[in-house]
Structure formats: C-alpha cells, structure tokens
Amino acid sequence: MKSTLRASMNSLRFLFINPQLRTQYFMEGGESMPVFEYLKTMFSKLTELKPITIAILVILVIGFIVYLALSKKKAEHYNTKVVVYAGLSIAISFVLSYIRLYRWPQGGSITPASMLPLFVFAYFFGVKAGLAAGTAYGLLQLIQGPYIVHWVQVLLDYVIAYTVLGFAGYFKNNLHKGIALGGFLRFFCSFLSGVIFFGEYAPEGMNTILYSLLVNLLIIGTETVICLAVSFIPQVKTMLNTLKNRI
C-alpha cells in the first residue's frame, strides 16, 4: 500500500509541479506516457466489450430513440418512460465505465463520472426505479467482465454494490446528497467484499480492514467526488433541473 500511495502522489506531483509537461505526458499506473498513448489506453477497454454486451447497449439506445419518435405522436405512458430512460442511463454509465482516465497501481480505474447517469436517473424517478436500474447495470457488468471467487462476493461486488446507487433517489430535491449517499453505500459494499474475500492482497503486516478501506477510498471515493464535482457545475445543474421539470 505504501508503494500505491507513493505512485499516486508521484502522479499528482508530476501533473501539478510540471504543468508545462501536461500537454506531452500523462500518468498511468504511476508511470508517464505520451498523450497519444494515454488516449489509446483511456479508450482501450472499450475494445474488450463482448458481442452480447454491445448488442444489449445498442438495443437500449435504439429503444430510447424509438421512444422519442413515438412519444411525439401519441400520449406517453409513465412506466414506458421510466423503462426507456433507465435503459439510456444504464447504457451511458456502462460506456463511461469503460473509459479509463487513470488506472491505480493496485488495480481499479477512475472513470469520467460513470455512476452519474444512474444517480441522475434515481433523482428523476425515485428510489424504486433507481434500485431496479442499478441492479440491471450490475448484472450487465457481471455479464461483461465477471471476477468471481464466491457467490456472496458476486452479490456484494456486482448486484448489491450497484443496486444501492438507486438510493440517490431518496433525496428528491437534492442530487448532491443523493450522490453522496449512493457513493457511500457502494463504497461500503466493496469495503466488505475487500475485507472478506481480498484480504490476502494486503501488504504484509497491514491490517485487512485498513487495506480495504484505503483501496476503496482511492477508487470509489474518487469516483464519487468526480460525480459530485460534475453535478456542481452550474450549467449541468441548470440542464438537469430543466430536464427533471420536463419529465
């Protein structure tokens, strides 16, 4: 873990102390690389998508387009609207989750606010719809890239961890609180999974609980902060409030 923290600090030091080099190099896993190579790495995981996953994503997007076309011609049904917007949110979140802004040396990646579309969906349509969308998203992640050591670990890392993102809808008038709640609940699920199933990866002499805490704070904590930061952008806030009022 010391090497992990050292690598992360080196990345920050490189970017902020040497601003003139930021247009030439980026940090990936604690090592510098040219911008072009960084961009290739950032989108490289998209090439790993399975045909079935691509098919599901395409169906979700086409479903949304068809819905928009038909909704102009006849009265909208609320349940249909929820399902269609859920599909779009799942698709956007999934694609964003495969764009890797930074890869931590110990594993795990930072994405461009991949959880935010699911948070926004729950904010628009409430907890119940948000939980359903989160569950579907978790199952899609499981189909695409399963890492299984135990059935309880599958529940914690894929099903429950993403389902609880839907609790962001508990705060109907405050997206920021919802993001914080959903992010914390996902962090807690991954923290438990780390303690129970992945303690063997802790450096020698390090407490398993502390190891899981630090790793998940670096990964999920950073992801949640990014989602919060984006949601605080004035233009984003205005756009989401306008869209919510129209829905």
# chains A, B, ... in the order shown; residues from 1 in each chain; ligands from 1
$ residues_around --residues "Ala168 (chain A)" --least-positions-apart "2" --cutoff "7 Å" --atoms "only C-alpha atoms" --output "list in words"
Phe119, Ala122, Tyr123, Val127, Leu165, Gly166, Tyr170, Phe171, Gly178, Ile179, Leu181 and Gly182 of chain A
$ select_by_dssp --residues "region 71-210 of chain A" --states "helix (DSSP H, G or I)" --output "count of residues only"
98
$ closest_residue --among "A:Asn241, A:Met42, A:Val58, A:Phe125" --to "Lys81 (chain A)" --atoms "only C-alpha atoms"
A:Phe125
$ closest_residue --among "A:Ser193, A:Gln141, A:Ala113, A:Thr80" --to "Ala229 (chain A)" --atoms "only C-alpha atoms"
A:Ala113
$ atom_distance --atom1 "CA of Arg100 (chain A)" --atom2 "CA of Lys237 (chain A)"
24.6 Å
$ residues_around --residues "Pro112 (chain A)" --least-positions-apart "3" --cutoff "8 Å" --atoms "only C-alpha atoms" --output "list in words"
Leu96, Ser97, Ile99, Arg100, Leu101 and Ile226 of chain A
$ residues_around --residues "Leu88 (chain A)" --least-positions-apart "6" --cutoff "9 Å" --atoms "only C-alpha atoms" --output "ChimeraX atom specification"
/A:57,60-61,63-64,117
$ residues_around --residues "Ile52 (chain A)" --least-positions-apart "6" --cutoff "10 Å" --atoms "only C-alpha atoms" --output "ChimeraX atom specification"
/A:58,140,143-144
$ write_last_selection --atoms "N, CA and C atoms" --output "mmCIF file, in the first residue's frame"
data_model
loop_
_atom_site.group_PDB
_atom_site.id
_atom_site.type_symbol
_atom_site.label_atom_id
_atom_site.label_comp_id
_atom_site.auth_asym_id
_atom_site.auth_seq_id
_atom_site.Cartn_x
_atom_site.Cartn_y
_atom_site.Cartn_z
ATOM 1 N N VAL A 58 -26.763 -1.480 -27.728
ATOM 2 C CA VAL A 58 -27.402 -0.971 -28.948
ATOM 3 C C VAL A 58 -28.919 -1.010 -28.822
ATOM 4 N N LEU A 140 -25.325 -6.351 -15.978
ATOM 5 C CA LEU A 140 -24.638 -6.132 -17.244
ATOM 6 C C LEU A 140 -23.125 -6.146 -17.046
ATOM 7 N N ILE A 143 -22.112 -9.735 -16.706
ATOM 8 C CA ILE A 143 -22.089 -10.433 -17.991
ATOM 9 C C ILE A 143 -20.813 -10.103 -18.751
ATOM 10 N N GLN A 144 -20.424 -8.826 -18.711
ATOM 11 C CA GLN A 144 -19.278 -8.388 -19.500
ATOM 12 C C GLN A 144 -17.949 -8.873 -18.936
#
$ atom_distance --atom1 "CA of Gly138 (chain A)" --atom2 "CA of Arg186 (chain A)"
11.4 Å
$ closest_residue --among "A:Pro34, A:Val215, A:Val66, A:Gly194" --to "Val149 (chain A)" --atoms "only C-alpha atoms"
A:Gly194
$ residues_around --residues "Ile220 (chain A)" --least-positions-apart "4" --cutoff "7 Å" --atoms "only C-alpha atoms" --output "PyMOL selection string"
chain A and resi 187+216+224
